[in-house]
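Colleague: This is final32.pdb, which holds PDB, N, CA and C atoms:
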```pdb
ATOM      1  N   MET A 239     -23.381 -14.914   5.397  1.00  0.00           N
ATOM      2  CA  MET A 239     -23.882 -14.113   4.297  1.00  0.00           C
ATOM      3  C   MET A 239     -23.474 -12.662   4.493  1.00  0.00           C
ATOM      4  N   LYS A 240     -23.290 -11.986   3.382  1.00  0.00           N
ATOM      5  CA  LYS A 240     -22.883 -10.585   3.409  1.00  0.00           C
ATOM      6  C   LYS A 240     -24.049  -9.718   2.935  1.00  0.00           C
ATOM      7  N   SER A 241     -24.379  -8.679   3.667  1.00  0.00           N
ATOM      8  CA  SER A 241     -25.456  -7.771   3.284  1.00  0.00           C
ATOM      9  C   SER A 241     -24.980  -6.813   2.214  1.00  0.00           C
ATOM     10  N   THR A 242     -25.814  -6.622   1.175  1.00  0.00           N
ATOM     11  CA  THR A 242     -25.479  -5.665   0.117  1.00  0.00           C
ATOM     12  C   THR A 242     -26.057  -4.295   0.403  1.00  0.00           C
ATOM     13  N   GLY A 243     -27.013  -4.228   1.310  1.00  0.00           N
ATOM     14  CA  GLY A 243     -27.685  -2.966   1.599  1.00  0.00           C
ATOM     15  C   GLY A 243     -28.746  -2.609   0.578  1.00  0.00           C
ATOM     16  N   ILE A 244     -28.972  -3.495  -0.386  1.00  0.00           N
ATOM     17  CA  ILE A 244     -29.962  -3.255  -1.439  1.00  0.00           C
ATOM     18  C   ILE A 244     -31.283  -3.880  -1.006  1.00  0.00           C
ATOM     19  N   ILE A 245     -32.350  -3.120  -1.131  1.00  0.00           N
ATOM     20  CA  ILE A 245     -33.687  -3.611  -0.775  1.00  0.00           C
ATOM     21  C   ILE A 245     -34.579  -3.501  -2.001  1.00  0.00           C
ATOM     22  N   ARG A 246     -35.268  -4.563  -2.351  1.00  0.00           N
ATOM     23  CA  ARG A 246     -36.177  -4.584  -3.494  1.00  0.00           C
ATOM     24  C   ARG A 246     -37.512  -5.169  -3.057  1.00  0.00           C
ATOM     25  N   SER A 247     -38.586  -4.776  -3.733  1.00  0.00           N
ATOM     26  CA  SER A 247     -39.918  -5.326  -3.466  1.00  0.00           C
ATOM     27  C   SER A 247     -40.320  -6.278  -4.582  1.00  0.00           C
ATOM     28  N   ILE A 248     -41.206  -7.174  -4.267  1.00  0.00           N
ATOM     29  CA  ILE A 248     -41.783  -8.101  -5.236  1.00  0.00           C
ATOM     30  C   ILE A 248     -42.967  -7.398  -5.893  1.00  0.00           C
ATOM     31  N   ASP A 249     -43.112  -7.520  -7.224  1.00  0.00           N
ATOM     32  CA  ASP A 249     -44.270  -6.902  -7.879  1.00  0.00           C
ATOM     33  C   ASP A 249     -45.486  -7.824  -7.785  1.00  0.00           C
ATOM     34  N   ARG A 250     -46.598  -7.392  -8.355  1.00  0.00           N
ATOM     35  CA  ARG A 250     -47.849  -8.156  -8.249  1.00  0.00           C
ATOM     36  C   ARG A 250     -47.758  -9.532  -8.893  1.00  0.00           C
ATOM     37  N   LEU A 251     -46.850  -9.721  -9.829  1.00  0.00           N
ATOM     38  CA  LEU A 251     -46.683 -11.014 -10.490  1.00  0.00           C
ATOM     39  C   LEU A 251     -45.639 -11.892  -9.810  1.00  0.00           C
ATOM     40  N   GLY A 252     -45.101 -11.422  -8.674  1.00  0.00           N
ATOM     41  CA  GLY A 252     -44.135 -12.202  -7.922  1.00  0.00           C
ATOM     42  C   GLY A 252     -42.711 -12.056  -8.411  1.00  0.00           C
ATOM     43  N   ARG A 253     -42.432 -11.045  -9.227  1.00  0.00           N
ATOM     44  CA  ARG A 253     -41.088 -10.851  -9.783  1.00  0.00           C
ATOM     45  C   ARG A 253     -40.230  -9.973  -8.889  1.00  0.00           C
ATOM     46  N   LEU A 254     -38.940 -10.251  -8.942  1.00  0.00           N
ATOM     47  CA  LEU A 254     -37.949  -9.482  -8.209  1.00  0.00           C
ATOM     48  C   LEU A 254     -36.847  -9.104  -9.198  1.00  0.00           C
ATOM     49  N   VAL A 255     -36.459  -7.845  -9.219  1.00  0.00           N
ATOM     50  CA  VAL A 255     -35.400  -7.399 -10.119  1.00  0.00           C
ATOM     51  C   VAL A 255     -34.067  -7.436  -9.388  1.00  0.00           C
ATOM     52  N   LEU A 256     -33.101  -8.161  -9.966  1.00  0.00           N
ATOM     53  CA  LEU A 256     -31.745  -8.158  -9.418  1.00  0.00           C
ATOM     54  C   LEU A 256     -31.029  -6.935  -9.974  1.00  0.00           C
ATOM     55  N   PRO A 257     -30.435  -6.114  -9.126  1.00  0.00           N
ATOM     56  CA  PRO A 257     -29.760  -4.905  -9.597  1.00  0.00           C
ATOM     57  C   PRO A 257     -28.656  -5.212 -10.612  1.00  0.00           C
ATOM     58  N   LYS A 258     -28.481  -4.301 -11.541  1.00  0.00           N
ATOM     59  CA  LYS A 258     -27.498  -4.458 -12.612  1.00  0.00           C
ATOM     60  C   LYS A 258     -26.099  -4.721 -12.058  1.00  0.00           C
ATOM     61  N   GLU A 259     -25.743  -4.028 -10.983  1.00  0.00           N
ATOM     62  CA  GLU A 259     -24.419  -4.199 -10.392  1.00  0.00           C
ATOM     63  C   GLU A 259     -24.199  -5.637  -9.917  1.00  0.00           C
ATOM     64  N   LEU A 260     -25.216  -6.241  -9.310  1.00  0.00           N
ATOM     65  CA  LEU A 260     -25.092  -7.625  -8.856  1.00  0.00           C
ATOM     66  C   LEU A 260     -25.011  -8.578 -10.038  1.00  0.00           C
ATOM     67  N   ARG A 261     -25.860  -8.345 -11.053  1.00  0.00           N
ATOM     68  CA  ARG A 261     -25.831  -9.210 -12.240  1.00  0.00           C
ATOM     69  C   ARG A 261     -24.459  -9.145 -12.903  1.00  0.00           C
ATOM     70  N   ALA A 262     -23.894  -7.957 -13.009  1.00  0.00           N
ATOM     71  CA  ALA A 262     -22.573  -7.802 -13.630  1.00  0.00           C
ATOM     72  C   ALA A 262     -21.490  -8.466 -12.776  1.00  0.00           C
ATOM     73  N   SER A 263     -21.540  -8.271 -11.481  1.00  0.00           N
ATOM     74  CA  SER A 263     -20.530  -8.833 -10.582  1.00  0.00           C
ATOM     75  C   SER A 263     -20.500 -10.358 -10.622  1.00  0.00           C
ATOM     76  N   TYR A 264     -21.673 -10.967 -10.774  1.00  0.00           N
ATOM     77  CA  TYR A 264     -21.763 -12.422 -10.747  1.00  0.00           C
ATOM     78  C   TYR A 264     -21.928 -13.042 -12.128  1.00  0.00           C
ATOM     79  N   GLY A 265     -21.858 -12.243 -13.176  1.00  0.00           N
ATOM     80  CA  GLY A 265     -21.955 -12.772 -14.537  1.00  0.00           C
ATOM     81  C   GLY A 265     -23.311 -13.375 -14.844  1.00  0.00           C
ATOM     82  N   ILE A 266     -24.368 -12.758 -14.356  1.00  0.00           N
ATOM     83  CA  ILE A 266     -25.728 -13.254 -14.570  1.00  0.00           C
ATOM     84  C   ILE A 266     -26.356 -12.507 -15.744  1.00  0.00           C
ATOM     85  N   THR A 267     -26.830 -13.256 -16.742  1.00  0.00           N
ATOM     86  CA  THR A 267     -27.516 -12.682 -17.900  1.00  0.00           C
ATOM     87  C   THR A 267     -28.931 -13.249 -17.956  1.00  0.00           C
ATOM     88  N   GLU A 268     -29.673 -12.883 -19.020  1.00  0.00           N
ATOM     89  CA  GLU A 268     -31.042 -13.417 -19.176  1.00  0.00           C
ATOM     90  C   GLU A 268     -31.009 -14.932 -19.369  1.00  0.00           C
ATOM     91  N   GLU A 269     -29.886 -15.452 -19.838  1.00  0.00           N
ATOM     92  CA  GLU A 269     -29.753 -16.883 -20.127  1.00  0.00           C
ATOM     93  C   GLU A 269     -29.242 -17.699 -18.938  1.00  0.00           C
ATOM     94  N   THR A 270     -28.853 -17.034 -17.864  1.00  0.00           N
ATOM     95  CA  THR A 270     -28.269 -17.732 -16.717  1.00  0.00           C
ATOM     96  C   THR A 270     -29.353 -18.393 -15.874  1.00  0.00           C
ATOM     97  N   PRO A 271     -29.320 -19.733 -15.762  1.00  0.00           N
ATOM     98  CA  PRO A 271     -30.301 -20.387 -14.894  1.00  0.00           C
ATOM     99  C   PRO A 271     -29.907 -20.205 -13.430  1.00  0.00           C
ATOM    100  N   LEU A 272     -30.885 -19.932 -12.594  1.00  0.00           N
ATOM    101  CA  LEU A 272     -30.648 -19.772 -11.160  1.00  0.00           C
ATOM    102  C   LEU A 272     -31.386 -20.863 -10.401  1.00  0.00           C
ATOM    103  N   GLU A 273     -30.747 -21.367  -9.379  1.00  0.00           N
ATOM    104  CA  GLU A 273     -31.324 -22.386  -8.517  1.00  0.00           C
ATOM    105  C   GLU A 273     -31.811 -21.697  -7.248  1.00  0.00           C
ATOM    106  N   ILE A 274     -32.962 -22.098  -6.737  1.00  0.00           N
ATOM    107  CA  ILE A 274     -33.552 -21.459  -5.558  1.00  0.00           C
ATOM    108  C   ILE A 274     -33.539 -22.440  -4.392  1.00  0.00           C
ATOM    109  N   PHE A 275     -32.996 -22.003  -3.261  1.00  0.00           N
ATOM    110  CA  PHE A 275     -32.940 -22.802  -2.047  1.00  0.00           C
ATOM    111  C   PHE A 275     -33.639 -22.045  -0.923  1.00  0.00           C
ATOM    112  N   THR A 276     -34.143 -22.760   0.045  1.00  0.00           N
ATOM    113  CA  THR A 276     -34.707 -22.134   1.238  1.00  0.00           C
ATOM    114  C   THR A 276     -34.084 -22.778   2.468  1.00  0.00           C
ATOM    115  N   GLU A 277     -33.929 -21.973   3.500  1.00  0.00           N
ATOM    116  CA  GLU A 277     -33.421 -22.442   4.776  1.00  0.00           C
ATOM    117  C   GLU A 277     -34.059 -21.577   5.848  1.00  0.00           C
ATOM    118  N   GLY A 278     -34.996 -22.145   6.574  1.00  0.00           N
ATOM    119  CA  GLY A 278     -35.731 -21.355   7.559  1.00  0.00           C
ATOM    120  C   GLY A 278     -36.497 -20.253   6.846  1.00  0.00           C
ATOM    121  N   ASP A 279     -36.248 -19.003   7.231  1.00  0.00           N
ATOM    122  CA  ASP A 279     -36.925 -17.881   6.577  1.00  0.00           C
ATOM    123  C   ASP A 279     -36.035 -17.203   5.534  1.00  0.00           C
ATOM    124  N   THR A 280     -34.998 -17.918   5.082  1.00  0.00           N
ATOM    125  CA  THR A 280     -34.041 -17.375   4.115  1.00  0.00           C
ATOM    126  C   THR A 280     -34.245 -18.009   2.745  1.00  0.00           C
ATOM    127  N   ILE A 281     -34.211 -17.187   1.698  1.00  0.00           N
ATOM    128  CA  ILE A 281     -34.261 -17.660   0.317  1.00  0.00           C
ATOM    129  C   ILE A 281     -32.908 -17.370  -0.310  1.00  0.00           C
ATOM    130  N   LEU A 282     -32.285 -18.390  -0.874  1.00  0.00           N
ATOM    131  CA  LEU A 282     -30.967 -18.250  -1.495  1.00  0.00           C
ATOM    132  C   LEU A 282     -31.063 -18.489  -2.993  1.00  0.00           C
ATOM    133  N   LEU A 283     -30.394 -17.674  -3.780  1.00  0.00           N
ATOM    134  CA  LEU A 283     -30.290 -17.862  -5.221  1.00  0.00           C
ATOM    135  C   LEU A 283     -28.851 -18.235  -5.530  1.00  0.00           C
ATOM    136  N   ARG A 284     -28.677 -19.212  -6.423  1.00  0.00           N
ATOM    137  CA  ARG A 284     -27.339 -19.621  -6.832  1.00  0.00           C
ATOM    138  C   ARG A 284     -27.385 -19.980  -8.309  1.00  0.00           C
ATOM    139  N   LYS A 285     -26.314 -19.643  -9.030  1.00  0.00           N
ATOM    140  CA  LYS A 285     -26.245 -20.050 -10.427  1.00  0.00           C
ATOM    141  C   LYS A 285     -26.362 -21.564 -10.488  1.00  0.00           C
ATOM    142  N   TYR A 286     -27.210 -22.038 -11.401  1.00  0.00           N
ATOM    143  CA  TYR A 286     -27.388 -23.481 -11.541  1.00  0.00           C
ATOM    144  C   TYR A 286     -26.191 -24.063 -12.263  1.00  0.00           C
ATOM    145  N   HIS A 287     -25.617 -25.078 -11.699  1.00  0.00           N
ATOM    146  CA  HIS A 287     -24.445 -25.735 -12.267  1.00  0.00           C
ATOM    147  C   HIS A 287     -24.708 -27.236 -12.267  1.00  0.00           C
ATOM    148  N   PRO A 288     -25.128 -27.811 -13.415  1.00  0.00           N
ATOM    149  CA  PRO A 288     -25.385 -29.252 -13.433  1.00  0.00           C
ATOM    150  C   PRO A 288     -24.108 -30.042 -13.151  1.00  0.00           C
ATOM    151  N   ALA A 289     -24.252 -31.187 -12.542  1.00  0.00           N
ATOM    152  CA  ALA A 289     -23.097 -32.031 -12.239  1.00  0.00           C
ATOM    153  C   ALA A 289     -22.371 -32.371 -13.526  1.00  0.00           C
ATOM    154  N   GLY A 290     -21.053 -32.232 -13.520  1.00  0.00           N
ATOM    155  CA  GLY A 290     -20.244 -32.569 -14.682  1.00  0.00           C
ATOM    156  C   GLY A 290     -20.142 -31.464 -15.718  1.00  0.00           C
ATOM    157  N   CYS A 291     -20.640 -30.268 -15.419  1.00  0.00           N
ATOM    158  CA  CYS A 291     -20.622 -29.155 -16.370  1.00  0.00           C
ATOM    159  C   CYS A 291     -19.315 -28.369 -16.231  1.00  0.00           C
ATOM    160  N   CYS A 292     -18.673 -28.115 -17.375  1.00  0.00           N
ATOM    161  CA  CYS A 292     -17.415 -27.360 -17.389  1.00  0.00           C
ATOM    162  C   CYS A 292     -17.718 -25.868 -17.271  1.00  0.00           C
ATOM    163  N   ASP A 293     -16.991 -25.182 -16.400  1.00  0.00           N
ATOM    164  CA  ASP A 293     -17.184 -23.739 -16.226  1.00  0.00           C
ATOM    165  C   ASP A 293     -16.635 -22.932 -17.396  1.00  0.00           C
ATOM    166  N   LEU A 294     -15.753 -23.500 -18.187  1.00  0.00           N
ATOM    167  CA  LEU A 294     -15.160 -22.774 -19.299  1.00  0.00           C
ATOM    168  C   LEU A 294     -15.973 -22.893 -20.588  1.00  0.00           C
ATOM    169  N   CYS A 295     -16.379 -24.118 -20.940  1.00  0.00           N
ATOM    170  CA  CYS A 295     -17.082 -24.309 -22.217  1.00  0.00           C
ATOM    171  C   CYS A 295     -18.567 -24.620 -22.053  1.00  0.00           C
ATOM    172  N   GLY A 296     -18.990 -25.004 -20.842  1.00  0.00           N
ATOM    173  CA  GLY A 296     -20.400 -25.291 -20.597  1.00  0.00           C
ATOM    174  C   GLY A 296     -20.834 -26.703 -20.954  1.00  0.00           C
ATOM    175  N   GLU A 297     -19.920 -27.510 -21.481  1.00  0.00           N
ATOM    176  CA  GLU A 297     -20.256 -28.893 -21.836  1.00  0.00           C
ATOM    177  C   GLU A 297     -20.413 -29.751 -20.583  1.00  0.00           C
ATOM    178  N   VAL A 298     -21.352 -30.681 -20.635  1.00  0.00           N
ATOM    179  CA  VAL A 298     -21.550 -31.610 -19.529  1.00  0.00           C
ATOM    180  C   VAL A 298     -20.832 -32.907 -19.893  1.00  0.00           C
ATOM    181  N   THR A 299     -19.773 -33.215 -19.160  1.00  0.00           N
ATOM    182  CA  THR A 299     -18.998 -34.432 -19.394  1.00  0.00           C
ATOM    183  C   THR A 299     -18.773 -35.126 -18.074  1.00  0.00           C
ATOM    184  N   GLY A 300     -18.274 -36.324 -18.134  1.00  0.00           N
ATOM    185  CA  GLY A 300     -18.011 -37.077 -16.915  1.00  0.00           C
ATOM    186  C   GLY A 300     -16.597 -36.926 -16.408  1.00  0.00           C
ATOM    187  N   ASP A 301     -15.779 -36.106 -17.093  1.00  0.00           N
ATOM    188  CA  ASP A 301     -14.372 -36.020 -16.719  1.00  0.00           C
ATOM    189  C   ASP A 301     -13.955 -34.668 -16.148  1.00  0.00           C
ATOM    190  N   THR A 302     -14.908 -33.905 -15.598  1.00  0.00           N
ATOM    191  CA  THR A 302     -14.544 -32.610 -15.031  1.00  0.00           C
ATOM    192  C   THR A 302     -13.812 -32.797 -13.708  1.00  0.00           C
ATOM    193  N   VAL A 303     -12.860 -31.900 -13.468  1.00  0.00           N
ATOM    194  CA  VAL A 303     -12.153 -31.870 -12.196  1.00  0.00           C
ATOM    195  C   VAL A 303     -12.293 -30.467 -11.620  1.00  0.00           C
ATOM    196  N   LEU A 304     -12.221 -30.373 -10.323  1.00  0.00           N
ATOM    197  CA  LEU A 304     -12.315 -29.083  -9.648  1.00  0.00           C
ATOM    198  C   LEU A 304     -10.908 -28.527  -9.479  1.00  0.00           C
ATOM    199  N   TYR A 305     -10.662 -27.350 -10.051  1.00  0.00           N
ATOM    200  CA  TYR A 305      -9.355 -26.703  -9.945  1.00  0.00           C
ATOM    201  C   TYR A 305      -9.560 -25.248  -9.562  1.00  0.00           C
ATOM    202  N   ARG A 306      -9.080 -24.881  -8.388  1.00  0.00           N
ATOM    203  CA  ARG A 306      -9.212 -23.519  -7.860  1.00  0.00           C
ATOM    204  C   ARG A 306     -10.645 -22.995  -7.948  1.00  0.00           C
ATOM    205  N   GLY A 307     -11.581 -23.839  -7.561  1.00  0.00           N
ATOM    206  CA  GLY A 307     -12.981 -23.447  -7.497  1.00  0.00           C
ATOM    207  C   GLY A 307     -13.731 -23.513  -8.819  1.00  0.00           C
ATOM    208  N   LYS A 308     -13.083 -23.974  -9.885  1.00  0.00           N
ATOM    209  CA  LYS A 308     -13.716 -24.075 -11.203  1.00  0.00           C
ATOM    210  C   LYS A 308     -13.725 -25.529 -11.650  1.00  0.00           C
ATOM    211  N   HIS A 309     -14.843 -25.945 -12.278  1.00  0.00           N
ATOM    212  CA  HIS A 309     -14.939 -27.277 -12.856  1.00  0.00           C
ATOM    213  C   HIS A 309     -14.429 -27.190 -14.293  1.00  0.00           C
ATOM    214  N   ILE A 310     -13.434 -28.028 -14.630  1.00  0.00           N
ATOM    215  CA  ILE A 310     -12.812 -27.964 -15.950  1.00  0.00           C
ATOM    216  C   ILE A 310     -12.818 -29.356 -16.578  1.00  0.00           C
ATOM    217  N   CYS A 311     -13.328 -29.442 -17.818  1.00  0.00           N
ATOM    218  CA  CYS A 311     -13.405 -30.733 -18.519  1.00  0.00           C
ATOM    219  C   CYS A 311     -12.053 -31.079 -19.140  1.00  0.00           C
ATOM    220  N   GLY A 312     -11.915 -32.313 -19.606  1.00  0.00           N
ATOM    221  CA  GLY A 312     -10.681 -32.788 -20.198  1.00  0.00           C
ATOM    222  C   GLY A 312     -10.269 -32.001 -21.426  1.00  0.00           C
ATOM    223  N   ALA A 313     -11.221 -31.667 -22.289  1.00  0.00           N
ATOM    224  CA  ALA A 313     -10.906 -30.914 -23.509  1.00  0.00           C
ATOM    225  C   ALA A 313     -10.350 -29.533 -23.173  1.00  0.00           C
ATOM    226  N   CYS A 314     -10.926 -28.869 -22.196  1.00  0.00           N
ATOM    227  CA  CYS A 314     -10.439 -27.529 -21.806  1.00  0.00           C
ATOM    228  C   CYS A 314      -9.085 -27.634 -21.113  1.00  0.00           C
ATOM    229  N   ARG A 315      -8.864 -28.693 -20.341  1.00  0.00           N
ATOM    230  CA  ARG A 315      -7.549 -28.884 -19.714  1.00  0.00           C
ATOM    231  C   ARG A 315      -6.480 -29.055 -20.779  1.00  0.00           C
ATOM    232  N   LYS A 316      -6.791 -29.811 -21.826  1.00  0.00           N
ATOM    233  CA  LYS A 316      -5.831 -30.003 -22.919  1.00  0.00           C
ATOM    234  C   LYS A 316      -5.564 -28.690 -23.634  1.00  0.00           C
ATOM    235  N   ALA A 317      -6.610 -27.915 -23.892  1.00  0.00           N
ATOM    236  CA  ALA A 317      -6.457 -26.626 -24.564  1.00  0.00           C
ATOM    237  C   ALA A 317      -5.620 -25.661 -23.718  1.00  0.00           C
ATOM    238  N   LEU A 318      -5.850 -25.681 -22.410  1.00  0.00           N
ATOM    239  CA  LEU A 318      -5.079 -24.806 -21.523  1.00  0.00           C
ATOM    240  C   LEU A 318      -3.608 -25.229 -21.454  1.00  0.00           C
ATOM    241  N   ALA A 319      -3.353 -26.523 -21.532  1.00  0.00           N
ATOM    242  CA  ALA A 319      -1.984 -27.009 -21.471  1.00  0.00           C
ATOM    243  C   ALA A 319      -1.177 -26.552 -22.681  1.00  0.00           C
ATOM    244  N   LYS A 320      -1.848 -26.285 -23.791  1.00  0.00           N
ATOM    245  CA  LYS A 320      -1.173 -25.847 -25.022  1.00  0.00           C
ATOM    246  C   LYS A 320      -0.784 -24.372 -24.982  1.00  0.00           C
ATOM    247  N   LEU A 321      -1.328 -23.621 -24.035  1.00  0.00           N
ATOM    248  CA  LEU A 321      -1.030 -22.186 -23.969  1.00  0.00           C
ATOM    249  C   LEU A 321       0.366 -21.896 -23.482  1.00  0.00           C
TER
END
```
Reformat the file's structure so that it appears as structure tokens.
Modeller:
Amino acid sequence: MKSTGIIRSIDRLGRLVLPKELRASYGITEETPLEIFTEGDTILLRKYHPAGCCDLCGEVTGDTVLYRGKHICGACRKALAKL
């Protein structure tokens, strides 16, 4: 893990604000679902990516393939081939 040097506190309702710079860097908006993991005393946040979900169009299909770290469905592969 890489330290960002950013320190935030939890408010009385248990909320934590992710800094704007981090949200922008990782493409996180109000609509982005985050998955929460724990390991020992560490809490990890990761963008939720359902199995079979295309990174380009967001559709969940059974024909996604992993290409250079991105999941791409058949329809998007066909569209990209036309470019």
Colleague: Measuring between only N, CA and C atoms, which one of A:Leu321, A:Gly278, A:Ala313, A:Val303 shows the shortest distance to Gly290 in chain A?
Modeller: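 Closest to Gly290 in chain A, using only N, CA and C atoms: A:Val303.
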Colleague: Please return, as a VMD selection string, all residues of range 244-288 of chain A that DSSP assigns to strand (DSSP E) on the basis of the backbone.
Modeller: chain A and resid 272 to 277 280 to 285
Colleague: State, in Å with one decimal place, the distance from CA of Leu283 in chain A to CA of Glu268 in chain A.
Modeller: 14.7 Å
Colleague: What does the PyMOL selection byres (((chain A and resi 308-311 and name CA) around 12) and name CA) select in this file, as an mmCIF file with N, CA and C atoms, in the frame of the given file?
Modeller:
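The resulting out.cif:
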```
data_model
loop_
_atom_site.group_PDB
_atom_site.id
_atom_site.type_symbol
_atom_site.label_atom_id
_atom_site.label_comp_id
_atom_site.auth_asym_id
_atom_site.auth_seq_id
_atom_site.Cartn_x
_atom_site.Cartn_y
_atom_site.Cartn_z
ATOM 1 N N HIS A 287 -25.617 -25.078 -11.699
ATOM 2 C CA HIS A 287 -24.445 -25.735 -12.267
ATOM 3 C C HIS A 287 -24.708 -27.236 -12.267
ATOM 4 N N PRO A 288 -25.128 -27.811 -13.415
ATOM 5 C CA PRO A 288 -25.385 -29.252 -13.433
ATOM 6 C C PRO A 288 -24.108 -30.042 -13.151
ATOM 7 N N ALA A 289 -24.252 -31.187 -12.542
ATOM 8 C CA ALA A 289 -23.097 -32.031 -12.239
ATOM 9 C C ALA A 289 -22.371 -32.371 -13.526
ATOM 10 N N GLY A 290 -21.053 -32.232 -13.520
ATOM 11 C CA GLY A 290 -20.244 -32.569 -14.682
ATOM 12 C C GLY A 290 -20.142 -31.464 -15.718
ATOM 13 N N CYS A 291 -20.640 -30.268 -15.419
ATOM 14 C CA CYS A 291 -20.622 -29.155 -16.370
ATOM 15 C C CYS A 291 -19.315 -28.369 -16.231
ATOM 16 N N CYS A 292 -18.673 -28.115 -17.375
ATOM 17 C CA CYS A 292 -17.415 -27.360 -17.389
ATOM 18 C C CYS A 292 -17.718 -25.868 -17.271
ATOM 19 N N ASP A 293 -16.991 -25.182 -16.400
ATOM 20 C CA ASP A 293 -17.184 -23.739 -16.226
ATOM 21 C C ASP A 293 -16.635 -22.932 -17.396
ATOM 22 N N LEU A 294 -15.753 -23.500 -18.187
ATOM 23 C CA LEU A 294 -15.160 -22.774 -19.299
ATOM 24 C C LEU A 294 -15.973 -22.893 -20.588
ATOM 25 N N CYS A 295 -16.379 -24.118 -20.940
ATOM 26 C CA CYS A 295 -17.082 -24.309 -22.217
ATOM 27 C C CYS A 295 -18.567 -24.620 -22.053
ATOM 28 N N GLY A 296 -18.990 -25.004 -20.842
ATOM 29 C CA GLY A 296 -20.400 -25.291 -20.597
ATOM 30 C C GLY A 296 -20.834 -26.703 -20.954
ATOM 31 N N GLU A 297 -19.920 -27.510 -21.481
ATOM 32 C CA GLU A 297 -20.256 -28.893 -21.836
ATOM 33 C C GLU A 297 -20.413 -29.751 -20.583
ATOM 34 N N VAL A 298 -21.352 -30.681 -20.635
ATOM 35 C CA VAL A 298 -21.550 -31.610 -19.529
ATOM 36 C C VAL A 298 -20.832 -32.907 -19.893
ATOM 37 N N THR A 299 -19.773 -33.215 -19.160
ATOM 38 C CA THR A 299 -18.998 -34.432 -19.394
ATOM 39 C C THR A 299 -18.773 -35.126 -18.074
ATOM 40 N N GLY A 300 -18.274 -36.324 -18.134
ATOM 41 C CA GLY A 300 -18.011 -37.077 -16.915
ATOM 42 C C GLY A 300 -16.597 -36.926 -16.408
ATOM 43 N N ASP A 301 -15.779 -36.106 -17.093
ATOM 44 C CA ASP A 301 -14.372 -36.020 -16.719
ATOM 45 C C ASP A 301 -13.955 -34.668 -16.148
ATOM 46 N N THR A 302 -14.908 -33.905 -15.598
ATOM 47 C CA THR A 302 -14.544 -32.610 -15.031
ATOM 48 C C THR A 302 -13.812 -32.797 -13.708
ATOM 49 N N VAL A 303 -12.860 -31.900 -13.468
ATOM 50 C CA VAL A 303 -12.153 -31.870 -12.196
ATOM 51 C C VAL A 303 -12.293 -30.467 -11.620
ATOM 52 N N LEU A 304 -12.221 -30.373 -10.323
ATOM 53 C CA LEU A 304 -12.315 -29.083 -9.648
ATOM 54 C C LEU A 304 -10.908 -28.527 -9.479
ATOM 55 N N TYR A 305 -10.662 -27.350 -10.051
ATOM 56 C CA TYR A 305 -9.355 -26.703 -9.945
ATOM 57 C C TYR A 305 -9.560 -25.248 -9.562
ATOM 58 N N ARG A 306 -9.080 -24.881 -8.388
ATOM 59 C CA ARG A 306 -9.212 -23.519 -7.860
ATOM 60 C C ARG A 306 -10.645 -22.995 -7.948
ATOM 61 N N GLY A 307 -11.581 -23.839 -7.561
ATOM 62 C CA GLY A 307 -12.981 -23.447 -7.497
ATOM 63 C C GLY A 307 -13.731 -23.513 -8.819
ATOM 64 N N GLY A 312 -11.915 -32.313 -19.606
ATOM 65 C CA GLY A 312 -10.681 -32.788 -20.198
ATOM 66 C C GLY A 312 -10.269 -32.001 -21.426
ATOM 67 N N ALA A 313 -11.221 -31.667 -22.289
ATOM 68 C CA ALA A 313 -10.906 -30.914 -23.509
ATOM 69 C C ALA A 313 -10.350 -29.533 -23.173
ATOM 70 N N CYS A 314 -10.926 -28.869 -22.196
ATOM 71 C CA CYS A 314 -10.439 -27.529 -21.806
ATOM 72 C C CYS A 314 -9.085 -27.634 -21.113
ATOM 73 N N ARG A 315 -8.864 -28.693 -20.341
ATOM 74 C CA ARG A 315 -7.549 -28.884 -19.714
ATOM 75 C C ARG A 315 -6.480 -29.055 -20.779
ATOM 76 N N LYS A 316 -6.791 -29.811 -21.826
ATOM 77 C CA LYS A 316 -5.831 -30.003 -22.919
ATOM 78 C C LYS A 316 -5.564 -28.690 -23.634
ATOM 79 N N ALA A 317 -6.610 -27.915 -23.892
ATOM 80 C CA ALA A 317 -6.457 -26.626 -24.564
ATOM 81 C C ALA A 317 -5.620 -25.661 -23.718
ATOM 82 N N LEU A 318 -5.850 -25.681 -22.410
ATOM 83 C CA LEU A 318 -5.079 -24.806 -21.523
ATOM 84 C C LEU A 318 -3.608 -25.229 -21.454
#
```
Colleague: Could you pull out the helix (DSSP H, G or I) residues of chain A from DSSP and send them as an NGL selection string?
Modeller: :A and (258-264 or 312-319)
Colleague: Quick one: residues within 5 Å of Glu273 in chain A, only N, CA and C atoms counted, chain neighbours fewer than 6 positions away excluded, as a list in words?
Modeller: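 Neighbouring residues, sequence-local ones excluded: Leu283, Arg284, Lys285 and Tyr286 of chain A.
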Colleague: For range 245-263 of chain A, take all atoms listed in the file, fit an axis-aligned box around them, add 6 Å to each of the six sides, then output centre and edge lengths in Å rounded to one decimal, as AutoDock Vina command-line options.
Modeller:
```
--center_x -34.2 --center_y -7.7 --center_z -7.2 --size_x 39.3 --size_y 21.1 --size_z 24.9
```
Colleague: One decimal, Å: what's the distance from CA of Ser263 in chain A over to atom N of Ala319 in chain A, could you say?
Modeller: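 Computing the Euclidean distance for CA of Ser263 in chain A and atom N of Ala319 in chain A yields 27.0 Å.
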Colleague: Could you work out how far CA of Ala262 in chain A lies from CA of Arg250 in chain A, giving the answer in Å with one decimal?
Modeller: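 So the two atoms, CA of Arg250 in chain A and CA of Ala262 in chain A, lie 25.8 Å apart.
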